[in-house]
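J.: One structure, as structure tokens, below. Some questions next.
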Amino acid sequence: MNIFRCFIFLLILSICSIVYAKENFTIKIATLAPEGSTWMKIFNEFNREIIKKTNGNVRFKVYPGGVLGDERDMVRKIRIGQIHGGGFTGLGLSMIYKDILALQIPFLFKDYKEVDYVLNKMEKRFREGFRKKGFILLGFAEVGFIYLFSNVPITDLKDIKGLKFWIWEGDKIARVVFNKLGIIPVPLEIPDVLLALQTNLIDVVFNSPLGAVALQWFSRVKYMIKVPLSYGVGAILIKNKIFERLPSQYQKILKESAEKYFNKLNKKAREENEKAISVMKKHGIKIIELSEEKIADAIKLSQKAAMELAGKEFSKEILDKILFYLREYRSEKIY
């Protein structure tokens with residue numbers, strides 16, 4: 001009888017092991033990035049590697065191009081379990097962990113070297129912030145530096161009077177900055193912007209050059225004001241609970257592959273942002289370059305407005321840390 005019981009126990013254990021080994025994990029995520037865009041191309045490469053390295057046991061199911069709605073909808077659908085994560089811009093990320101918004105203060109960074117230095121110093125802090133909110137930050141997938149695109153030339157502050165500026169619904173930094181500049185914005189979700197440009201509901205939008213091309217906004221504007229307004233952060237998040245269901249060897253594969261492919265993605269996105277400007281020039285878009293003197297007042301007003309949000313929309317401690325590392329980078333010790 002004891003031998004028989006041992007046999008049954010070992011048989012059940014064996015069956016359970018086989019079932020466990022063959023269990024498939026499909027991680028459902030959504031993004032506003034259109035199919036065929038640089039972000040999606042490299043994410044698809046990443047997904048293929050995950051499938052290969054896990055023998056098909058782990059894969060991502062991606063809903064691109066905003067088919068599940070804007071980022072507010074995506075966050076809501078994660079909360080109710082309809083999807084497991086998403087590829088977000090700074091706005092969507094801030095709906096989960098608001099301190100990430102401090103990276104998008106207008107005129108904060110001068111170039112990508114500053115961005116890389118600060119993110120390297122702050123990455124651990126940001127990852128922990130998302131972890132406490134129930135998410136794994138799989139990797140940064142940046143949007144890039146943000147510029148204005150318009151249907152009328154803008155050469156100084158007086159030119160913006162009376163123009164209809166688009167604002168992303170829920171973008172608190174842009175709303176405060178526009179208020180300081182005397183702009184009454186038109187709030188719209190991302191999927192509605194192209195039609196709004198086509199019907200002259202709005203005159204001015206803002207995005208990275210690559211984003212403007214990928215979303216076809218560039219086809220409905222005449223000018224690009226080549227002054228980087230802010231840095232557009234982006235990242236891939238998945239729910240902690242979903243990640244923790246994966247066997248440890250799959251978690252390791254996911255993290256290692258994410259580091260490899262998202263580093264590649266950010267490098268490629270920067271290259272493609274530059275190429276996108278050339279594409280727009282070929283389509284007749286005029287590039288307006290402004291000196292710092294021309295926009296000095298706009299910079300002061302924008303930064304003052306954004307600083308007022310410290311302690312409200314993001315923590316002052318986070319902002320102080322970012323500014324500390326920026327000063328450190330810009331000091332003679334770094335150069």
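Ligands are numbered from 1 in the order shown, chains are lettered A, B, ... in the order of the structure tokens, and residues start at 1 in each chain.
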Show me, as a PyMOL selection string, the residues that have an atom within 9 Å of region 69-85 of chain A when counting only C-alpha atoms, minus same-chain residues fewer than 2 positions from it.
T.: chain A and resi 27-32+65-67+87-89+91-93+95-96+135+170+189-191+236-239+242
J.: Would you export the selected residues with C-alpha atoms as a PDB file, in the first residue's frame, please?
T.:
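Written output follows (out.pdb):
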```
ATOM      1  CA  ILE A  27       1.397  39.222 -21.962  1.00  0.00           C
ATOM      2  CA  LYS A  28      -1.126  41.644 -23.451  1.00  0.00           C
ATOM      3  CA  ILE A  29       0.001  45.243 -23.865  1.00  0.00           C
ATOM      4  CA  ALA A  30      -1.299  48.301 -25.722  1.00  0.00           C
ATOM      5  CA  THR A  31       0.429  51.339 -27.173  1.00  0.00           C
ATOM      6  CA  LEU A  32      -0.288  54.450 -29.211  1.00  0.00           C
ATOM      7  CA  GLY A  65      -1.939  52.438 -32.849  1.00  0.00           C
ATOM      8  CA  GLY A  66      -4.355  53.296 -30.054  1.00  0.00           C
ATOM      9  CA  VAL A  67      -6.832  50.562 -31.009  1.00  0.00           C
ATOM     10  CA  GLY A  87       3.973  51.268 -23.940  1.00  0.00           C
ATOM     11  CA  PHE A  88       3.433  54.749 -22.528  1.00  0.00           C
ATOM     12  CA  THR A  89       4.534  58.323 -23.083  1.00  0.00           C
ATOM     13  CA  LEU A  91       1.530  61.386 -19.713  1.00  0.00           C
ATOM     14  CA  GLY A  92       0.472  57.752 -19.343  1.00  0.00           C
ATOM     15  CA  LEU A  93       3.420  56.984 -17.079  1.00  0.00           C
ATOM     16  CA  MET A  95      -1.026  58.427 -14.358  1.00  0.00           C
ATOM     17  CA  ILE A  96       0.674  55.525 -12.598  1.00  0.00           C
ATOM     18  CA  PHE A 135       4.416  47.746 -12.093  1.00  0.00           C
ATOM     19  CA  GLY A 170      -4.695  65.527 -18.957  1.00  0.00           C
ATOM     20  CA  GLU A 189      -6.908  62.799 -27.325  1.00  0.00           C
ATOM     21  CA  ILE A 190      -4.141  61.583 -29.653  1.00  0.00           C
ATOM     22  CA  PRO A 191      -6.417  59.684 -32.113  1.00  0.00           C
ATOM     23  CA  ILE A 236       7.139  49.844 -21.269  1.00  0.00           C
ATOM     24  CA  LEU A 237       5.345  48.774 -18.087  1.00  0.00           C
ATOM     25  CA  ILE A 238       3.818  45.456 -17.107  1.00  0.00           C
ATOM     26  CA  LYS A 239       1.952  44.539 -13.956  1.00  0.00           C
ATOM     27  CA  ILE A 242       1.918  39.167 -14.318  1.00  0.00           C
TER      28      ILE A 242
END
```
J.: Just want the 12 Å neighbourhood of Gly234 (chain A), counted on only C-alpha atoms, with same-chain residues fewer than 5 positions away dropped. Output as number ranges by chain.
T.: A: 31-33, 39, 71, 86-94, 100-101, 103-104, 119, 137-145, 208, 262, 265-266, 269
J.: May I have the selected residues written with N, CA and C atoms, as a compact mmCIF listing (two decimals), in the first residue's frame?
T.:
```txt
# COMPACT_ATOMS: atom_id res chain seq x y z
N THR A 31 -0.40 50.16 -26.96
CA THR A 31 0.43 51.34 -27.17
C THR A 31 -0.20 52.24 -28.23
N LEU A 32 0.15 53.52 -28.18
CA LEU A 32 -0.29 54.45 -29.21
C LEU A 32 0.61 54.38 -30.44
N ALA A 33 1.79 53.77 -30.30
CA ALA A 33 2.72 53.68 -31.43
C ALA A 33 2.09 52.92 -32.59
N TRP A 39 9.22 52.24 -33.17
CA TRP A 39 8.99 51.64 -31.85
C TRP A 39 8.42 50.23 -32.00
N GLU A 71 -4.13 56.75 -23.73
CA GLU A 71 -3.40 56.20 -22.58
C GLU A 71 -4.25 56.15 -21.32
N GLY A 86 1.57 48.27 -20.90
CA GLY A 86 1.49 49.16 -22.06
C GLY A 86 2.81 49.86 -22.34
N GLY A 87 2.89 50.37 -23.56
CA GLY A 87 3.97 51.27 -23.94
C GLY A 87 3.46 52.68 -23.82
N PHE A 88 4.00 53.45 -22.88
CA PHE A 88 3.43 54.75 -22.53
C PHE A 88 4.38 55.91 -22.81
N THR A 89 3.81 57.06 -23.09
CA THR A 89 4.53 58.32 -23.08
C THR A 89 4.55 58.83 -21.63
N GLY A 90 5.14 60.00 -21.44
CA GLY A 90 5.22 60.56 -20.10
C GLY A 90 3.86 60.77 -19.46
N LEU A 91 2.86 61.14 -20.27
CA LEU A 91 1.53 61.39 -19.71
C LEU A 91 0.94 60.11 -19.11
N GLY A 92 0.99 59.02 -19.86
CA GLY A 92 0.47 57.75 -19.34
C GLY A 92 1.26 57.26 -18.15
N LEU A 93 2.57 57.41 -18.20
CA LEU A 93 3.42 56.98 -17.08
C LEU A 93 3.06 57.75 -15.82
N SER A 94 2.78 59.05 -15.98
CA SER A 94 2.48 59.88 -14.80
C SER A 94 1.13 59.54 -14.17
N ILE A 100 7.50 60.82 -12.47
CA ILE A 100 8.18 60.72 -13.76
C ILE A 100 7.97 61.99 -14.58
N LEU A 101 6.91 62.73 -14.25
CA LEU A 101 6.55 63.95 -14.98
C LEU A 101 7.62 65.03 -14.86
N LEU A 103 10.62 64.87 -15.45
CA LEU A 103 11.56 64.79 -16.57
C LEU A 103 11.10 65.63 -17.76
N GLN A 104 9.83 66.02 -17.78
CA GLN A 104 9.26 66.70 -18.94
C GLN A 104 9.05 68.20 -18.73
N LEU A 119 19.14 60.11 -16.42
CA LEU A 119 18.38 58.86 -16.36
C LEU A 119 19.21 57.73 -15.75
N LEU A 137 9.01 48.29 -14.56
CA LEU A 137 9.47 49.12 -15.67
C LEU A 137 10.40 48.23 -16.49
N LEU A 138 9.88 47.73 -17.61
CA LEU A 138 10.64 46.79 -18.43
C LEU A 138 11.78 47.50 -19.14
N GLY A 139 11.56 48.73 -19.55
CA GLY A 139 12.61 49.50 -20.20
C GLY A 139 12.10 50.85 -20.67
N PHE A 140 13.01 51.81 -20.79
CA PHE A 140 12.64 53.12 -21.34
C PHE A 140 12.58 53.02 -22.86
N ALA A 141 11.57 53.62 -23.44
CA ALA A 141 11.39 53.67 -24.90
C ALA A 141 10.99 55.11 -25.24
N GLU A 142 11.98 55.96 -25.33
CA GLU A 142 11.72 57.40 -25.36
C GLU A 142 11.01 57.87 -26.63
N VAL A 143 10.33 58.99 -26.48
CA VAL A 143 9.69 59.67 -27.61
C VAL A 143 10.70 60.58 -28.29
N GLY A 144 11.54 61.24 -27.47
CA GLY A 144 12.54 62.17 -27.99
C GLY A 144 12.21 63.60 -27.65
N PHE A 145 13.02 64.52 -28.13
CA PHE A 145 12.76 65.93 -27.87
C PHE A 145 11.52 66.39 -28.64
N SER A 208 7.50 64.81 -31.10
CA SER A 208 8.84 64.60 -31.65
C SER A 208 8.70 64.54 -33.16
N PHE A 262 15.69 47.64 -25.80
CA PHE A 262 15.26 49.02 -25.55
C PHE A 262 16.42 49.99 -25.67
N LEU A 265 16.42 50.43 -29.29
CA LEU A 265 15.27 51.25 -29.67
C LEU A 265 15.56 52.74 -29.46
N ASN A 266 16.11 53.09 -28.31
CA ASN A 266 16.38 54.49 -28.02
C ASN A 266 17.42 55.08 -28.98
N ALA A 269 15.63 55.42 -32.33
CA ALA A 269 14.64 56.51 -32.30
C ALA A 269 15.32 57.86 -32.46
```
J.: From a DSSP pass on the backbone, collect the residues of region 231-261 of chain A flagged as alpha helix (DSSP H) and hand them back as a ChimeraX atom specification.
T.: /A:240-245,248-261
J.: Here is a test: counting only C-alpha atoms, which residue of A:Leu163, A:Leu326, A:Ala235, A:Val279 is nearest to Ala258 (chain A)?
T.: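 Checking each of A:Leu163, A:Leu326, A:Ala235, A:Val279 against Ala258 (chain A), counting only C-alpha atoms, the winner is A:Ala235.
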J.: Can you pull out every residue within 9 Å of Phe107 (chain A), counting only C-alpha atoms, but drop anything in the same chain fewer than 6 positions away, and send it as a count of residues only?
T.: 7
J.: Would you work out the distance separating CA of Ala296 (chain A) from CA of Phe149 (chain A), expressed in Å to one decimal?
T.: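 Answer for the CA of Ala296 (chain A) to CA of Phe149 (chain A) separation: 19.4 Å.
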J.: Quick one: distance from CA of Val227 (chain A) to CA of Glu274 (chain A) in Å, one decimal?
T.: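 Atom-to-atom, CA of Val227 (chain A) to CA of Glu274 (chain A), that is 13.6 Å.
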J.: Write out as number ranges by chain which residues come within 6 Å of region 280-287 of chain A when counting only C-alpha atoms, dropping same-chain ones fewer than 5 positions away.
T.: A: 222-224
J.: Have a look at A:Ala310, A:Ile318, A:Ile146, A:Ala196 and name the one nearest to Asn273 (chain A); count only C-alpha atoms.
T.: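 Smallest distance to Asn273 (chain A) is found for A:Ile146.
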J.: Closest to Phe43 (chain A) among A:Asp171, A:Pro187, A:Leu215, A:Lys264, using only C-alpha atoms?
T.: A:Lys264
J.: I need the residue nearest Lys312 (chain A) from this list: A:Arg127, A:Arg59, A:Pro64, A:Ile173. Use only C-alpha atoms for the distance.
T.: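 Of all the options, A:Ile173 lies closest to Lys312 (chain A).
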J.: Quick one: residues within 7 Å of region 210-214 of chain A, only C-alpha atoms counted, chain neighbours fewer than 6 positions away excluded, as a list in words?
T.: Pro34, Ser37, Glu272, Asn273 and Ala276 of chain A
J.: Could you write out the selected residues, including C-alpha atoms, as a short mmCIF file (atom, residue, chain, number, x, y, z; two decimals), in the first residue's frame?
T.:
```cif
data_model
loop_
_atom_site.label_atom_id
_atom_site.label_comp_id
_atom_site.auth_asym_id
_atom_site.auth_seq_id
_atom_site.Cartn_x
_atom_site.Cartn_y
_atom_site.Cartn_z
CA PRO A 34 1.44 52.83 -34.93
CA SER A 37 6.74 52.66 -36.66
CA GLU A 272 15.04 58.34 -36.90
CA ASN A 273 14.05 61.65 -35.27
CA ALA A 276 12.19 62.59 -39.87
#
```
J.: Show me, as a ChimeraX atom specification, the residues that have an atom within 12 Å of Pro247 (chain A) when counting only C-alpha atoms, minus same-chain residues fewer than 4 positions from it.
T.: /A:20-25,54,57-58,242-243,251-254
J.: With distances taken over only C-alpha atoms, which of A:Ala174, A:Asp320, A:Val221, A:Ile183 is nearest to Leu197 (chain A)?
T.: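 Closest candidate: A:Val221.
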J.: Just asking: which residues within region 163-201 of chain A are strand (DSSP E) according to DSSP, as a PyMOL selection string?
T.: chain A and resi 166-168+186-188
